[in-house]
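Trainee: This structure is in C-alpha cells; I'll ask about it shortly.
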Amino acid sequence: MPAGRPGPAAQSARRQPRPLSSLWSPLLLCVLGVPRGGSGAHTAVISPQDPTLLIGSSLQATCSIHGDTPGASAEGLYWTLNGRRLPSELSHLLNTSTLALALANLNGSRQQSGDNLVCHARDGSILAGSCLYVGLPPEKPFNISCWSRNMKDLTCRWTPGAHGETFLHTNYSLKYKLRWYGQDNTCEEYHTVGPHSCHIPKDLALFTPYEIWVEATNRLGSARSDVLTLDVLDVVTTDPPPDVHVSRVGGLEDQLSVRWVSPPALKDFLFQAKYQIRYRVEDSVDWKVVDDVSNQTSCRLAGLKPGTVYFVQVRCNPFGIYGSKKAGIWSEWSHPTAASTPRSERPGPGGGVCEPRGGEPSSGPVRRELKQFLGWLKKHAYCSNLSFRLYDQWRAWMQKSHKTRNQHRTRGSCPRADGARREVLPDKL
C-alpha cells in the first residue's frame with residue numbers, strides 16, 4: 001500500500017464516532033493531548049469525526065457528553081484548536097449535554113496529519129478529540145523528467161502542481177509500463193533525489209519505449225499527469241568526468257590547459273560523448289561556458305587574465321548510445337578545480353628593454369598580432385587541437401622572425417656591460 005494512503009483501520013475510524021480511548025491510537029497523530037487520570041467518568045463524542053473540508057468552508061461541530069453519573073452536563077465545556085482555546089462566542093449550548101461550535105472560512109490545515117480539534121471539561125481535561133483536515137485536492141503533476149546511469153535503472157522526478165501546496169498529505173505514485181504491452185507497474189523507491197522523485201533499480205527493457213506517469217491522491221481527490229514516453233537508451237547520463245586537471249601552458253600568461261578522463265561507467269557501451277567547460281575567476285560568481293569542446297578530453301582556455309586564479313568545471317553528455325538519435329542528458333558539473341595564470345612580465349610604461357627575454361615578441365605590433373590571433377582563435381575554434389598547433393607554429397615563427405629582425409635593425413644601439421654602446425647593422429632588403 002503506497003505511503004500516505006489510509007488503511008482499513010483508519011477508514012473504519014472515520015466512519016464511526018470514536019470513544020475517548022481511541023485518542024491514544026497511533027493513527028491519530030493530530031491529537032496532542034490525553035485525558036487526565038480519573039477524568040473518564042464521563043465520555044464525550046465530537047461530531048462530525050475527522051471531517052475533510054475545502055479551504056474557505058464552514059464547520060458545524062458538536063461535543064456531546066454521555067454518562068450514567070447524575071449531573072453530567074455540557075455546562076463549562078470549551079474547545080481548543082491546535083492547543084489554543086477558541087473564543088467562547090464561537091460556541092453555544094444546544095442542550096444540557098451538548099456544546100456546539102461554528103467555524104467559518106477555514107484556512108488550510110497547519111499540519112498534514114490534521115489539525116487538533118479538542119473538547120475539554122471545565123477542569124481542562126480532554127473529553128474528546130477530532131482531526132480536522134482542511135485543504136485542496138491535488139493538482140495535475142507535470143514536468144516529469146527521467147534519466148538512467150547504467151541503462152538498467154531509471155530515476156524520475158516531477159513537479160507536484162502549479163500551486164504545489166494542498167495542506168493535506170498527498171500521496172504520489174509513479175507508474176510505468178511498456179508502451180504496447182505489459183501491465184502497470186508502480187515505482188517503490190521514493191525520495192531518492194528529492195521529495196518528488198522515484199528510482200526504478202532494475203528489470204527494464206531496452207530498445208522499446210515505456211509510458212510513465214504520476215498519480216496524486218489525497219482526502220479531497222486525485223489527479224493524473226500526462227504520459228511521458230521514452231526509451232531508456234535515449235535518457236542515459238553519466239557521473240561528472242573524473243580527474244579534472246588544470247595547469248599552465250608554459251609561460252603563457254593568458255592560457256590554461258584543462259584535461260580530464262572520460263566517465264568510466266559507460267566505457268563498455270557504444271556511445272559518443274561531448275563535453276562542456278565552464279570557468280570563473282576566484283572573486284566572481286559568474287561562470288563562462290565553453291560549448292564547442294566536442295568529444296575531446298582536453299582543452300586550452302585562451303584570453304584569460306594574467307596572474308588570476310580560475311575555477312574550472314567539466315561535464316559530459318553521452319549520446320548516440322547503440323544508435324540512439326536523441327541529444328542525451330548532461331551530467332552534473334565536476335568538482336571545481338583551481339589554477340592560476342602566470343603573472344605578466346611585460347614592463348610598465350617607460351620601462352623598455354633592448355632585447356626581449358628568451359626571444360619572446362614584445363613590440364607593440366607583435367603584441368597586437370598576437371591578440372588578433374587569439375581573438376580569432378576564441379571566436380572560431382576555442383578548443384581545437386589543430387588551431388592550437390597552428391598557433392604554436394605561428395608563435396615559433398614569430399620568435400625566429402623577431403630574432404632576425406633584431407640582428408638587422410637599421411638604427412639604434414644597446415648598452416653593453418662596460419657602458420659602451422654597440423652599433424646595430426642596418427636591415428638587408
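Residue numbers start at 1 in each chain; chains themselves are named A, B, ... in the order of the C-alpha cells; ligands are numbered from 1 in the order shown.
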Give me the residues near Ala100 (chain A) as a PyMOL selection string, where near means some atom within 12 Å (using only C-alpha atoms) and where sequence neighbours in that chain fewer than 5 positions away do not count.

Mentor: chain A and resi 45-48+59-65+74-75+77-79+88-95+119

Trainee: For the selection you just gave me, I'd like the residues written to a file as a CSV table (one decimal), in the first residue's frame, keeping N, CA and C atoms.

Mentor:
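What follows is the written file result_6.csv:
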chain,number,residue,atom,x,y,z
A,45,VAL,N,-18.4,12.6,22.7
A,45,VAL,CA,-18.1,12.3,21.3
A,45,VAL,C,-18.3,13.6,20.5
A,46,ILE,N,-17.3,13.9,19.6
A,46,ILE,CA,-17.3,15.0,18.7
A,46,ILE,C,-17.9,14.6,17.4
A,47,SER,N,-18.8,15.3,16.9
A,47,SER,CA,-19.4,15.1,15.6
A,47,SER,C,-19.4,16.3,14.7
A,48,PRO,N,-19.0,16.2,13.5
A,48,PRO,CA,-18.5,15.0,12.8
A,48,PRO,C,-17.1,14.7,13.2
A,59,LEU,N,-17.6,24.9,9.3
A,59,LEU,CA,-17.8,23.7,10.1
A,59,LEU,C,-18.8,23.9,11.2
A,60,GLN,N,-19.7,23.0,11.3
A,60,GLN,CA,-20.6,23.0,12.5
A,60,GLN,C,-20.3,21.7,13.2
A,61,ALA,N,-19.8,21.8,14.5
A,61,ALA,CA,-19.4,20.6,15.2
A,61,ALA,C,-20.1,20.6,16.6
A,62,THR,N,-20.3,19.4,17.2
A,62,THR,CA,-20.9,19.3,18.5
A,62,THR,C,-20.0,18.4,19.4
A,63,CYS,N,-20.0,18.6,20.6
A,63,CYS,CA,-19.4,17.8,21.6
A,63,CYS,C,-20.5,17.3,22.6
A,64,SER,N,-20.8,16.0,22.6
A,64,SER,CA,-21.9,15.5,23.4
A,64,SER,C,-21.4,14.6,24.5
A,65,ILE,N,-21.8,14.9,25.7
A,65,ILE,CA,-21.4,14.1,26.9
A,65,ILE,C,-22.4,12.9,27.1
A,74,ALA,N,-23.0,19.7,29.9
A,74,ALA,CA,-22.1,20.4,29.0
A,74,ALA,C,-21.8,21.7,29.5
A,75,GLU,N,-22.4,22.1,30.6
A,75,GLU,CA,-22.1,23.5,31.2
A,75,GLU,C,-20.6,23.5,31.5
A,77,LEU,N,-18.0,23.3,29.4
A,77,LEU,CA,-17.1,22.8,28.4
A,77,LEU,C,-16.6,23.9,27.5
A,78,TYR,N,-15.4,23.6,26.9
A,78,TYR,CA,-14.9,24.6,25.9
A,78,TYR,C,-14.1,23.8,24.9
A,79,TRP,N,-13.7,24.5,23.8
A,79,TRP,CA,-13.0,23.9,22.6
A,79,TRP,C,-11.6,24.5,22.5
A,88,SER,N,-15.2,32.0,23.3
A,88,SER,CA,-16.5,31.4,23.7
A,88,SER,C,-17.6,31.8,22.8
A,89,GLU,N,-17.5,32.9,22.1
A,89,GLU,CA,-18.6,33.3,21.3
A,89,GLU,C,-18.8,32.4,20.0
A,90,LEU,N,-17.8,31.6,19.8
A,90,LEU,CA,-17.9,30.6,18.7
A,90,LEU,C,-18.7,29.4,19.0
A,91,SER,N,-19.0,29.2,20.3
A,91,SER,CA,-19.8,28.0,20.7
A,91,SER,C,-21.0,28.4,21.6
A,92,HIS,N,-22.0,27.4,21.7
A,92,HIS,CA,-23.2,27.7,22.5
A,92,HIS,C,-23.8,26.3,22.8
A,93,LEU,N,-24.5,26.3,23.9
A,93,LEU,CA,-25.2,25.1,24.4
A,93,LEU,C,-26.4,24.7,23.5
A,94,LEU,N,-26.5,23.5,23.0
A,94,LEU,CA,-27.7,23.1,22.3
A,94,LEU,C,-28.6,22.5,23.3
A,95,ASN,N,-28.1,21.8,24.3
A,95,ASN,CA,-28.9,21.3,25.4
A,95,ASN,C,-28.0,21.0,26.6
A,119,CYS,N,-12.4,18.8,22.6
A,119,CYS,CA,-13.4,19.2,23.6
A,119,CYS,C,-12.9,19.0,25.0

Trainee: Which residues come within 7 Å of Val290 (chain A), counting only C-alpha atoms, excluding same-chain residues fewer than 4 positions away, as a PDB file with all heavy atoms, in the first residue's frame?

Mentor:
ATOM      1  N   GLN A 276      31.310  20.013 -21.976  1.00  0.00           N
ATOM      2  CA  GLN A 276      31.265  21.455 -21.767  1.00  0.00           C
ATOM      3  C   GLN A 276      32.221  21.814 -20.637  1.00  0.00           C
ATOM      4  O   GLN A 276      32.415  21.042 -19.700  1.00  0.00           O
ATOM      5  CB  GLN A 276      29.857  21.922 -21.384  1.00  0.00           C
ATOM      6  CG  GLN A 276      28.920  22.164 -22.548  1.00  0.00           C
ATOM      7  CD  GLN A 276      27.594  22.759 -22.087  1.00  0.00           C
ATOM      8  OE1 GLN A 276      27.253  22.706 -20.909  1.00  0.00           O
ATOM      9  NE2 GLN A 276      26.848  23.328 -23.008  1.00  0.00           N
ATOM     10  N   ILE A 277      32.799  22.988 -20.755  1.00  0.00           N
ATOM     11  CA  ILE A 277      33.654  23.532 -19.698  1.00  0.00           C
ATOM     12  C   ILE A 277      33.063  24.858 -19.261  1.00  0.00           C
ATOM     13  O   ILE A 277      32.546  25.621 -20.085  1.00  0.00           O
ATOM     14  CB  ILE A 277      35.095  23.752 -20.208  1.00  0.00           C
ATOM     15  CG1 ILE A 277      35.734  22.425 -20.591  1.00  0.00           C
ATOM     16  CG2 ILE A 277      35.948  24.444 -19.154  1.00  0.00           C
ATOM     17  CD1 ILE A 277      37.114  22.581 -21.191  1.00  0.00           C
ATOM     18  N   ARG A 278      33.131  25.108 -17.980  1.00  0.00           N
ATOM     19  CA  ARG A 278      32.806  26.447 -17.507  1.00  0.00           C
ATOM     20  C   ARG A 278      33.882  26.879 -16.516  1.00  0.00           C
ATOM     21  O   ARG A 278      34.471  26.047 -15.815  1.00  0.00           O
ATOM     22  CB  ARG A 278      31.422  26.520 -16.882  1.00  0.00           C
ATOM     23  CG  ARG A 278      31.247  25.817 -15.550  1.00  0.00           C
ATOM     24  CD  ARG A 278      29.839  26.048 -15.025  1.00  0.00           C
ATOM     25  NE  ARG A 278      29.637  25.491 -13.685  1.00  0.00           N
ATOM     26  CZ  ARG A 278      28.508  25.582 -12.994  1.00  0.00           C
ATOM     27  NH1 ARG A 278      27.472  26.211 -13.526  1.00  0.00           N
ATOM     28  NH2 ARG A 278      28.396  25.066 -11.781  1.00  0.00           N
TER      29      ARG A 278
END

Trainee: Can you work out which one of A:Leu132, A:Ala338, A:Ile321, A:Ile212 has the shortest atom-to-atom distance to Thr80 (chain A), counting only C-alpha atoms?

Mentor: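 Looking at the shortest contact to Thr80 (chain A), the residue is A:Leu132.
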
Trainee: From a DSSP pass on the backbone, collect the residues of region 90-307 of chain A flagged as helix (DSSP H, G or I) and hand them back as a list in words.

Mentor: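 Helix (DSSP H, G or I) assignments inside region 90-307 of chain A correspond to Leu90, Val232, Leu233, Asp234, Val235, Pro264, Ala265 and Leu266 of chain A.
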
Trainee: Mind giving me the straight-line distance from CA of Cys299 (chain A) to CA of Gly320 (chain A) in Å, one decimal?

Mentor: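 Going from CA of Cys299 (chain A) over to CA of Gly320 (chain A) covers 22.5 Å.
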
Trainee: Just checking: using only C-alpha atoms, which residue out of A:Tyr210, A:Trp147, A:Phe167, A:Trp260 ends up closest to Gln112 (chain A)?

Mentor: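 With only C-alpha atoms as the atom set, the closest residue is A:Phe167.
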
Trainee: Just the residues within 9 Å of region 202-209 of chain A, please, counting only C-alpha atoms, with nothing from its chain fewer than 6 positions along; format it as a ChimeraX atom specification.

Mentor: /A:151-154,177-180,229-233

Trainee: I need the chosen residues saved as an mmCIF file, in the first residue's frame, with all heavy atoms.

Mentor:
data_model
loop_
_atom_site.group_PDB
_atom_site.id
_atom_site.type_symbol
_atom_site.label_atom_id
_atom_site.label_comp_id
_atom_site.auth_asym_id
_atom_site.auth_seq_id
_atom_site.Cartn_x
_atom_site.Cartn_y
_atom_site.Cartn_z
ATOM 1 N N MET A 151 21.819 2.163 -17.905
ATOM 2 C CA MET A 151 20.930 1.532 -18.876
ATOM 3 C C MET A 151 20.147 0.358 -18.285
ATOM 4 O O MET A 151 19.486 -0.372 -19.010
ATOM 5 C CB MET A 151 21.693 1.079 -20.128
ATOM 6 C CG MET A 151 22.354 2.215 -20.867
ATOM 7 S SD MET A 151 22.836 1.831 -22.552
ATOM 8 C CE MET A 151 23.954 0.489 -22.289
ATOM 9 N N LYS A 152 20.221 0.175 -16.968
ATOM 10 C CA LYS A 152 19.436 -0.861 -16.306
ATOM 11 C C LYS A 152 18.451 -0.273 -15.303
ATOM 12 O O LYS A 152 17.515 -0.941 -14.890
ATOM 13 C CB LYS A 152 20.356 -1.852 -15.585
ATOM 14 C CG LYS A 152 21.302 -2.601 -16.511
ATOM 15 C CD LYS A 152 22.225 -3.511 -15.717
ATOM 16 C CE LYS A 152 23.216 -4.217 -16.634
ATOM 17 N NZ LYS A 152 24.154 -5.076 -15.866
ATOM 18 N N ASP A 153 18.697 0.986 -14.897
ATOM 19 C CA ASP A 153 17.830 1.631 -13.923
ATOM 20 C C ASP A 153 17.198 2.865 -14.536
ATOM 21 O O ASP A 153 17.499 3.253 -15.669
ATOM 22 C CB ASP A 153 18.629 2.008 -12.674
ATOM 23 C CG ASP A 153 19.531 3.210 -12.918
ATOM 24 O OD1 ASP A 153 19.951 3.403 -14.089
ATOM 25 O OD2 ASP A 153 19.824 3.948 -11.972
ATOM 26 N N LEU A 154 16.312 3.498 -13.775
ATOM 27 C CA LEU A 154 15.662 4.728 -14.227
ATOM 28 C C LEU A 154 15.281 5.530 -12.986
ATOM 29 O O LEU A 154 14.715 4.994 -12.036
ATOM 30 C CB LEU A 154 14.423 4.411 -15.060
ATOM 31 C CG LEU A 154 13.863 5.557 -15.911
ATOM 32 C CD1 LEU A 154 14.845 5.922 -17.023
ATOM 33 C CD2 LEU A 154 12.520 5.156 -16.516
ATOM 34 N N LYS A 177 4.824 1.377 -17.672
ATOM 35 C CA LYS A 177 4.561 0.124 -18.357
ATOM 36 C C LYS A 177 5.131 0.205 -19.764
ATOM 37 O O LYS A 177 5.389 1.304 -20.296
ATOM 38 C CB LYS A 177 3.065 -0.159 -18.407
ATOM 39 C CG LYS A 177 2.254 0.713 -19.360
ATOM 40 C CD LYS A 177 0.791 0.322 -19.332
ATOM 41 C CE LYS A 177 -0.016 1.086 -20.379
ATOM 42 N NZ LYS A 177 0.338 0.662 -21.764
ATOM 43 N N LEU A 178 5.370 -0.941 -20.360
ATOM 44 C CA LEU A 178 5.787 -0.971 -21.756
ATOM 45 C C LEU A 178 4.661 -0.403 -22.615
ATOM 46 O O LEU A 178 3.468 -0.637 -22.351
ATOM 47 C CB LEU A 178 6.120 -2.394 -22.183
ATOM 48 C CG LEU A 178 7.385 -2.987 -21.534
ATOM 49 C CD1 LEU A 178 7.494 -4.466 -21.846
ATOM 50 C CD2 LEU A 178 8.622 -2.250 -22.011
ATOM 51 N N ARG A 179 5.036 0.322 -23.658
ATOM 52 C CA ARG A 179 4.041 1.095 -24.382
ATOM 53 C C ARG A 179 2.971 0.228 -25.042
ATOM 54 O O ARG A 179 1.784 0.545 -24.994
ATOM 55 C CB ARG A 179 4.745 1.950 -25.444
ATOM 56 C CG ARG A 179 3.805 2.875 -26.199
ATOM 57 C CD ARG A 179 4.542 3.766 -27.159
ATOM 58 N NE ARG A 179 3.672 4.737 -27.786
ATOM 59 C CZ ARG A 179 4.068 5.614 -28.690
ATOM 60 N NH1 ARG A 179 5.335 5.650 -29.064
ATOM 61 N NH2 ARG A 179 3.218 6.466 -29.212
ATOM 62 N N TRP A 180 3.367 -0.854 -25.659
ATOM 63 C CA TRP A 180 2.413 -1.605 -26.461
ATOM 64 C C TRP A 180 1.893 -2.859 -25.766
ATOM 65 O O TRP A 180 0.969 -3.498 -26.243
ATOM 66 C CB TRP A 180 3.048 -1.992 -27.803
ATOM 67 C CG TRP A 180 3.310 -0.798 -28.657
ATOM 68 C CD1 TRP A 180 2.387 0.077 -29.136
ATOM 69 C CD2 TRP A 180 4.571 -0.327 -29.116
ATOM 70 N NE1 TRP A 180 3.001 1.072 -29.869
ATOM 71 C CE2 TRP A 180 4.350 0.845 -29.877
ATOM 72 C CE3 TRP A 180 5.890 -0.767 -28.971
ATOM 73 C CZ2 TRP A 180 5.363 1.564 -30.484
ATOM 74 C CZ3 TRP A 180 6.899 -0.060 -29.577
ATOM 75 C CH2 TRP A 180 6.644 1.089 -30.320
ATOM 76 N N THR A 229 6.535 9.348 -22.740
ATOM 77 C CA THR A 229 7.000 8.172 -23.470
ATOM 78 C C THR A 229 8.494 8.305 -23.732
ATOM 79 O O THR A 229 8.943 9.339 -24.244
ATOM 80 C CB THR A 229 6.240 8.012 -24.798
ATOM 81 O OG1 THR A 229 4.835 7.921 -24.538
ATOM 82 C CG2 THR A 229 6.687 6.760 -25.532
ATOM 83 N N LEU A 230 9.258 7.277 -23.381
ATOM 84 C CA LEU A 230 10.705 7.344 -23.572
ATOM 85 C C LEU A 230 11.285 5.950 -23.743
ATOM 86 O O LEU A 230 10.692 4.952 -23.343
ATOM 87 C CB LEU A 230 11.382 8.057 -22.387
ATOM 88 C CG LEU A 230 11.208 7.474 -20.977
ATOM 89 C CD1 LEU A 230 12.186 6.340 -20.707
ATOM 90 C CD2 LEU A 230 11.425 8.571 -19.940
ATOM 91 N N ASP A 231 12.471 5.922 -24.359
ATOM 92 C CA ASP A 231 13.296 4.721 -24.427
ATOM 93 C C ASP A 231 14.474 4.942 -23.481
ATOM 94 O O ASP A 231 15.075 6.023 -23.464
ATOM 95 C CB ASP A 231 13.788 4.500 -25.858
ATOM 96 C CG ASP A 231 14.448 3.140 -26.052
ATOM 97 O OD1 ASP A 231 15.284 2.763 -25.205
ATOM 98 O OD2 ASP A 231 14.154 2.465 -27.043
ATOM 99 N N VAL A 232 14.812 3.942 -22.695
ATOM 100 C CA VAL A 232 15.886 4.091 -21.718
ATOM 101 C C VAL A 232 17.178 4.540 -22.387
ATOM 102 O O VAL A 232 17.942 5.345 -21.838
ATOM 103 C CB VAL A 232 16.093 2.770 -20.946
ATOM 104 C CG1 VAL A 232 17.295 2.880 -20.020
ATOM 105 C CG2 VAL A 232 14.850 2.413 -20.154
ATOM 106 N N LEU A 233 17.445 4.057 -23.612
ATOM 107 C CA LEU A 233 18.682 4.418 -24.308
ATOM 108 C C LEU A 233 18.753 5.904 -24.637
ATOM 109 O O LEU A 233 19.843 6.437 -24.849
ATOM 110 C CB LEU A 233 18.814 3.609 -25.599
ATOM 111 C CG LEU A 233 19.046 2.103 -25.442
ATOM 112 C CD1 LEU A 233 19.087 1.435 -26.797
ATOM 113 C CD2 LEU A 233 20.338 1.839 -24.678
#
